[in-house]
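J.: One file: run-v6.txt (compact mmCIF, N, CA and C atoms and all ligand atoms).
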# COMPACT_ATOMS: atom_id res chain seq x y z
N MET V 831 0.85 -1.19 0.00
CA MET V 831 0.00 0.00 0.00
C MET V 831 0.89 1.24 0.00
N LYS V 832 0.53 2.19 -0.79
CA LYS V 832 1.23 3.46 -0.81
C LYS V 832 0.62 4.36 0.27
N HIS V 833 1.47 4.88 1.13
CA HIS V 833 0.97 5.81 2.13
C HIS V 833 0.83 7.18 1.49
N LEU V 834 -0.35 7.69 1.49
CA LEU V 834 -0.57 9.04 0.99
C LEU V 834 -0.45 9.99 2.17
N GLN V 835 -0.12 11.21 1.92
CA GLN V 835 0.09 12.17 3.00
C GLN V 835 -1.17 12.41 3.81
N SER V 836 -2.31 12.29 3.19
CA SER V 836 -3.55 12.56 3.92
C SER V 836 -4.35 11.29 4.22
N GLY V 837 -3.67 10.13 4.26
CA GLY V 837 -4.36 8.89 4.62
C GLY V 837 -4.82 8.14 3.39
N SER V 838 -5.04 6.83 3.59
CA SER V 838 -5.45 6.02 2.44
C SER V 838 -6.02 4.68 2.91
N TYR V 839 -6.62 3.94 1.97
CA TYR V 839 -7.14 2.61 2.22
C TYR V 839 -6.41 1.63 1.33
N ASP V 840 -6.22 0.42 1.83
CA ASP V 840 -5.62 -0.63 1.03
C ASP V 840 -6.75 -1.49 0.48
N PHE V 841 -7.18 -1.18 -0.72
CA PHE V 841 -8.31 -1.90 -1.29
C PHE V 841 -7.95 -3.33 -1.67
N GLU V 842 -6.64 -3.64 -1.73
CA GLU V 842 -6.26 -5.04 -1.96
C GLU V 842 -6.58 -5.90 -0.74
N SER V 843 -6.71 -5.27 0.44
CA SER V 843 -7.05 -6.02 1.65
C SER V 843 -8.56 -6.07 1.87
N LEU V 844 -9.32 -5.47 0.99
CA LEU V 844 -10.77 -5.38 1.15
C LEU V 844 -11.42 -6.76 1.14
N LYS V 845 -12.22 -7.02 2.17
CA LYS V 845 -12.98 -8.27 2.26
C LYS V 845 -14.44 -7.91 2.47
N LEU V 846 -15.31 -8.55 1.73
CA LEU V 846 -16.75 -8.33 1.88
C LEU V 846 -17.38 -9.68 2.19
N SER V 847 -18.04 -9.78 3.33
CA SER V 847 -18.67 -11.04 3.74
C SER V 847 -20.16 -10.80 3.89
N LEU V 848 -20.92 -11.67 3.29
CA LEU V 848 -22.37 -11.52 3.29
C LEU V 848 -22.99 -12.60 4.18
N GLU V 849 -24.05 -12.26 4.88
CA GLU V 849 -24.80 -13.16 5.76
C GLU V 849 -23.95 -13.68 6.91
N VAL V 850 -23.13 -12.80 7.50
CA VAL V 850 -22.33 -13.13 8.69
C VAL V 850 -23.26 -13.19 9.90
N MET V 851 -23.07 -14.16 10.76
CA MET V 851 -23.89 -14.32 11.96
C MET V 851 -23.08 -13.87 13.18
N SER V 852 -23.76 -13.43 14.25
CA SER V 852 -23.12 -13.01 15.48
C SER V 852 -23.86 -13.60 16.67
N ASP V 853 -23.08 -14.05 17.68
CA ASP V 853 -23.69 -14.56 18.91
C ASP V 853 -24.40 -13.44 19.67
N LEU V 854 -24.01 -12.18 19.41
CA LEU V 854 -24.61 -11.05 20.11
C LEU V 854 -26.04 -10.77 19.64
N MET V 855 -26.34 -11.13 18.42
CA MET V 855 -27.69 -10.94 17.86
C MET V 855 -28.09 -12.19 17.09
N PRO V 856 -28.45 -13.26 17.83
CA PRO V 856 -28.78 -14.53 17.18
C PRO V 856 -29.92 -14.35 16.16
N GLY V 857 -29.75 -15.03 15.05
CA GLY V 857 -30.79 -15.00 14.02
C GLY V 857 -30.67 -13.84 13.05
N GLN V 858 -29.82 -12.88 13.36
CA GLN V 858 -29.63 -11.72 12.48
C GLN V 858 -28.45 -11.98 11.55
N LYS V 859 -28.51 -11.37 10.38
CA LYS V 859 -27.43 -11.51 9.41
C LYS V 859 -26.83 -10.15 9.12
N PHE V 860 -25.52 -10.16 8.89
CA PHE V 860 -24.79 -8.92 8.67
C PHE V 860 -24.00 -8.97 7.36
N LEU V 861 -23.85 -7.82 6.78
CA LEU V 861 -22.90 -7.61 5.68
C LEU V 861 -21.70 -6.95 6.32
N VAL V 862 -20.51 -7.54 6.17
CA VAL V 862 -19.32 -7.02 6.82
C VAL V 862 -18.28 -6.65 5.77
N ILE V 863 -17.77 -5.43 5.88
CA ILE V 863 -16.72 -4.93 5.00
C ILE V 863 -15.50 -4.67 5.87
N GLU V 864 -14.36 -5.26 5.51
CA GLU V 864 -13.12 -5.08 6.27
C GLU V 864 -12.01 -4.63 5.34
N CYS V 865 -11.16 -3.74 5.81
CA CYS V 865 -9.97 -3.36 5.04
C CYS V 865 -8.97 -2.68 5.98
N MET V 866 -7.77 -2.46 5.48
CA MET V 866 -6.73 -1.77 6.24
C MET V 866 -6.74 -0.30 5.84
N SER V 867 -6.48 0.55 6.84
CA SER V 867 -6.46 1.99 6.60
C SER V 867 -5.16 2.58 7.13
N ALA V 868 -4.59 3.50 6.38
CA ALA V 868 -3.42 4.25 6.85
C ALA V 868 -3.93 5.59 7.36
N PRO V 869 -3.55 5.97 8.59
CA PRO V 869 -4.00 7.25 9.11
C PRO V 869 -3.32 8.41 8.39
N SER V 870 -3.63 9.60 8.81
CA SER V 870 -3.26 10.80 8.07
C SER V 870 -1.77 11.11 8.03
N GLN V 871 -0.95 10.44 8.84
CA GLN V 871 0.50 10.68 8.84
C GLN V 871 0.86 12.10 9.27
N LYS V 872 0.06 12.67 10.15
CA LYS V 872 0.29 14.06 10.57
C LYS V 872 1.24 14.17 11.76
N GLY V 873 1.89 13.08 12.14
CA GLY V 873 2.87 13.15 13.20
C GLY V 873 2.29 13.10 14.60
N LEU V 874 1.09 12.61 14.75
CA LEU V 874 0.46 12.52 16.07
C LEU V 874 0.56 11.09 16.60
N GLY V 875 1.69 10.45 16.33
CA GLY V 875 1.88 9.07 16.77
C GLY V 875 1.32 8.05 15.80
N SER V 876 0.87 8.50 14.66
CA SER V 876 0.24 7.59 13.72
C SER V 876 1.11 7.31 12.49
N VAL V 877 2.29 7.92 12.43
CA VAL V 877 3.14 7.76 11.25
C VAL V 877 3.54 6.30 11.08
N GLY V 878 3.30 5.77 9.90
CA GLY V 878 3.68 4.40 9.58
C GLY V 878 2.72 3.34 10.07
N LYS V 879 1.69 3.72 10.80
CA LYS V 879 0.76 2.72 11.33
C LYS V 879 -0.32 2.37 10.30
N LEU V 880 -0.86 1.20 10.47
CA LEU V 880 -2.01 0.74 9.70
C LEU V 880 -3.07 0.29 10.68
N TYR V 881 -4.31 0.60 10.39
CA TYR V 881 -5.41 0.19 11.25
C TYR V 881 -6.36 -0.71 10.48
N SER V 882 -6.76 -1.80 11.09
CA SER V 882 -7.79 -2.65 10.52
C SER V 882 -9.14 -2.05 10.89
N LEU V 883 -10.00 -1.95 9.93
CA LEU V 883 -11.33 -1.45 10.25
C LEU V 883 -12.39 -2.37 9.68
N ARG V 884 -13.52 -2.37 10.37
CA ARG V 884 -14.63 -3.25 9.98
C ARG V 884 -15.93 -2.46 10.04
N LEU V 885 -16.66 -2.50 8.96
CA LEU V 885 -18.01 -1.93 8.93
C LEU V 885 -18.98 -3.10 8.92
N ALA V 886 -19.93 -3.09 9.84
CA ALA V 886 -20.94 -4.15 9.90
C ALA V 886 -22.31 -3.54 9.67
N PHE V 887 -23.01 -4.10 8.70
CA PHE V 887 -24.36 -3.63 8.37
C PHE V 887 -25.35 -4.74 8.70
N LEU V 888 -26.36 -4.42 9.50
CA LEU V 888 -27.43 -5.37 9.78
C LEU V 888 -28.31 -5.46 8.54
N ILE V 889 -28.55 -6.68 8.08
CA ILE V 889 -29.40 -6.89 6.90
C ILE V 889 -30.82 -7.10 7.38
N GLY V 890 -31.69 -6.17 7.04
CA GLY V 890 -33.10 -6.26 7.44
C GLY V 890 -33.85 -7.27 6.59
N GLU V 891 -35.08 -7.59 7.02
CA GLU V 891 -35.89 -8.56 6.27
C GLU V 891 -36.21 -8.07 4.87
N ASP V 892 -36.23 -6.74 4.72
CA ASP V 892 -36.50 -6.17 3.40
C ASP V 892 -35.22 -6.00 2.58
N GLY V 893 -34.09 -6.47 3.12
CA GLY V 893 -32.82 -6.36 2.42
C GLY V 893 -32.09 -5.06 2.67
N GLU V 894 -32.72 -4.18 3.42
CA GLU V 894 -32.08 -2.90 3.72
C GLU V 894 -30.94 -3.11 4.72
N CYS V 895 -29.81 -2.47 4.47
CA CYS V 895 -28.64 -2.62 5.33
C CYS V 895 -28.49 -1.39 6.23
N THR V 896 -28.38 -1.63 7.53
CA THR V 896 -28.23 -0.54 8.50
C THR V 896 -26.86 -0.63 9.16
N LEU V 897 -26.10 0.43 9.10
CA LEU V 897 -24.77 0.45 9.71
C LEU V 897 -24.88 0.35 11.22
N MET V 898 -24.16 -0.60 11.81
CA MET V 898 -24.18 -0.82 13.26
C MET V 898 -23.06 -0.03 13.92
N THR V 899 -23.22 0.26 15.19
CA THR V 899 -22.16 0.90 15.98
C THR V 899 -21.31 -0.21 16.61
N ALA V 900 -20.37 0.17 17.51
CA ALA V 900 -19.53 -0.81 18.21
C ALA V 900 -20.42 -1.73 19.06
N PRO V 901 -20.07 -2.96 19.22
CA PRO V 901 -18.82 -3.61 18.84
C PRO V 901 -18.82 -4.20 17.44
N TYR V 902 -19.89 -3.99 16.69
CA TYR V 902 -19.95 -4.57 15.34
C TYR V 902 -19.03 -3.80 14.38
N THR V 903 -19.21 -2.49 14.34
CA THR V 903 -18.37 -1.64 13.51
C THR V 903 -17.24 -1.12 14.38
N MET V 904 -16.01 -1.37 13.96
CA MET V 904 -14.84 -1.00 14.77
C MET V 904 -13.67 -0.58 13.89
N CYS V 905 -12.77 0.20 14.49
CA CYS V 905 -11.50 0.55 13.87
C CYS V 905 -10.44 0.41 14.96
N GLU V 906 -9.24 0.00 14.59
CA GLU V 906 -8.16 -0.20 15.57
C GLU V 906 -7.53 1.10 16.05
N CYS V 907 -7.89 2.23 15.49
CA CYS V 907 -7.27 3.50 15.88
C CYS V 907 -7.67 3.86 17.32
N PRO V 908 -6.99 4.82 17.95
CA PRO V 908 -7.26 5.14 19.35
C PRO V 908 -8.72 5.55 19.65
N VAL V 909 -9.43 6.06 18.67
CA VAL V 909 -10.82 6.46 18.90
C VAL V 909 -11.80 5.61 18.09
N GLY V 910 -11.32 4.44 17.66
CA GLY V 910 -12.08 3.61 16.73
C GLY V 910 -13.34 2.96 17.27
N VAL V 911 -13.58 3.02 18.59
CA VAL V 911 -14.83 2.49 19.12
C VAL V 911 -15.97 3.44 18.76
N GLY V 912 -15.67 4.71 18.74
CA GLY V 912 -16.68 5.71 18.36
C GLY V 912 -16.51 6.09 16.91
N ALA V 913 -16.92 7.28 16.61
CA ALA V 913 -16.78 7.76 15.23
C ALA V 913 -15.34 8.19 14.99
N CYS V 914 -14.74 7.71 13.90
CA CYS V 914 -13.40 8.14 13.52
C CYS V 914 -13.40 8.42 12.02
N ALA V 915 -12.39 9.14 11.60
CA ALA V 915 -12.31 9.53 10.19
C ALA V 915 -12.14 8.31 9.28
N HIS V 916 -11.47 7.27 9.80
CA HIS V 916 -11.23 6.08 8.96
C HIS V 916 -12.54 5.39 8.63
N LYS V 917 -13.39 5.24 9.65
CA LYS V 917 -14.69 4.62 9.41
C LYS V 917 -15.57 5.53 8.55
N GLY V 918 -15.49 6.82 8.81
CA GLY V 918 -16.28 7.77 8.02
C GLY V 918 -15.93 7.69 6.55
N GLY V 919 -14.63 7.62 6.26
CA GLY V 919 -14.20 7.50 4.87
C GLY V 919 -14.64 6.18 4.26
N ALA V 920 -14.55 5.11 5.06
CA ALA V 920 -14.95 3.79 4.55
C ALA V 920 -16.46 3.75 4.29
N VAL V 921 -17.22 4.42 5.15
CA VAL V 921 -18.67 4.50 4.91
C VAL V 921 -18.95 5.24 3.61
N SER V 922 -18.19 6.30 3.37
CA SER V 922 -18.36 7.05 2.12
C SER V 922 -18.05 6.16 0.92
N CYS V 923 -16.97 5.38 1.02
CA CYS V 923 -16.63 4.45 -0.07
C CYS V 923 -17.72 3.41 -0.23
N SER V 924 -18.24 2.90 0.90
CA SER V 924 -19.30 1.89 0.84
C SER V 924 -20.54 2.44 0.16
N THR V 925 -20.81 3.71 0.40
CA THR V 925 -21.96 4.34 -0.24
C THR V 925 -21.78 4.35 -1.75
N LEU V 926 -20.54 4.57 -2.18
CA LEU V 926 -20.27 4.52 -3.62
C LEU V 926 -20.52 3.12 -4.16
N PHE V 927 -20.06 2.08 -3.39
CA PHE V 927 -20.31 0.71 -3.83
C PHE V 927 -21.81 0.43 -3.88
N ALA V 928 -22.54 0.94 -2.89
CA ALA V 928 -23.98 0.69 -2.83
C ALA V 928 -24.68 1.28 -4.03
N ASN V 929 -24.16 2.39 -4.52
CA ASN V 929 -24.79 3.02 -5.67
C ASN V 929 -24.58 2.25 -6.96
N VAL V 930 -23.59 1.36 -6.97
CA VAL V 930 -23.35 0.58 -8.19
C VAL V 930 -23.70 -0.89 -8.00
N SER V 931 -24.09 -1.29 -6.77
CA SER V 931 -24.38 -2.69 -6.50
C SER V 931 -25.86 -2.89 -6.18
N PRO V 932 -26.54 -3.78 -6.88
CA PRO V 932 -27.93 -4.05 -6.55
C PRO V 932 -28.07 -4.86 -5.27
N VAL V 933 -26.94 -5.40 -4.73
CA VAL V 933 -26.99 -6.21 -3.51
C VAL V 933 -27.22 -5.35 -2.28
N MET V 934 -26.67 -4.13 -2.32
CA MET V 934 -26.72 -3.29 -1.12
C MET V 934 -27.78 -2.20 -1.23
N ASN V 935 -28.63 -2.14 -0.22
CA ASN V 935 -29.61 -1.07 -0.08
C ASN V 935 -29.34 -0.48 1.30
N MET V 936 -28.47 0.52 1.36
CA MET V 936 -27.92 0.94 2.63
C MET V 936 -28.71 2.05 3.30
N LYS V 937 -28.75 1.97 4.63
CA LYS V 937 -29.37 2.99 5.44
C LYS V 937 -28.32 3.37 6.49
N MET V 938 -27.93 4.61 6.54
CA MET V 938 -26.92 5.05 7.51
C MET V 938 -27.58 5.30 8.85
N TRP V 939 -26.77 5.15 9.91
CA TRP V 939 -27.33 5.30 11.24
C TRP V 939 -27.97 6.63 11.33
ZN ZN R 1001 -10.16 4.89 13.02
Hey, can you dump this file as structure tokens for me?
T.:
Amino acid sequence: MKHLQSGSYDFESLKLSLEVMSDLMPGQKFLVIECMSAPSQKGLGSVGKLYSLRLAFLIGEDGECTLMTAPYTMCECPVGVGACAHKGGAVSCSTLFANVSPVMNMKMW
């Protein structure tokens, strides 16, 4: 992966898993998107680091996907349990995928 000065994603590490099950919500199915993210490299202790991030979408009975919060959606960065820029960027990318994929009908939190 090339580190860009303002952060980047390694799309070669991108994994998309459909109908993932969780013990936390028995009977529910999730769409999970995982990839590696490079932080902004702004010298705040993040230079050279890579963070694994996971977006988990609950698949509704109507096929609508709803983005879940932690512990389903997570990022390894110091603030990755809550909202972080890495997840925000990945959600934006996912929205682009949703616009070209008939599989995803996404609803943001
Ligand atoms: Zn993060």
J.: Region 912-920 of chain V, all listed atoms, 3 Å padding on each side: what axis-aligned box centre and edge lengths in Å to one decimal come out, as JSON?
T.:
{"center_x": -14.1, "center_y": 6.6, "center_z": 11.5, "size_x": 11.7, "size_y": 11.8, "size_z": 20.5}
J.: Which residues are near ligand ZN 1001 (chain R) in this structure, taking near to mean any atom at most 6 Å from a ligand atom and counting all atoms listed in the file? Format them as an NGL selection string.
T.: :V and (905-910 or 914-917)
J.: What's the separation between atom N of Leu846 (chain V) and atom N of Ala913 (chain V), in Å to one decimal place?
T.: 21.8 Å
J.: From the options V:Thr896, V:Gly875, V:Cys865, V:Ser882, which residue's atoms come nearest to Glu842 (chain V), counting all atoms listed in the file?
T.: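 Nearest to Glu842 (chain V): V:Cys865.
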J.: So what do you get for atom N of Gly878 (chain V) versus atom N of Leu844 (chain V), distance-wise?
T.: 19.1 Å
J.: Show me the residues close to (-1.5, 3.1, 6.5) - anything with an atom within 6 Å, counting all atoms listed in the file - and format the list as a PyMOL selection string.
T.: chain V and resi 833+838+867-869+878-881
J.: Could you go through region 867-922 of chain V and tell me which residues DSSP, when run on the backbone, assigns to strand (DSSP E), listing them as an MDAnalysis selection string?
T.: chainID V and resid 867:868 881:889 894:897 904:905
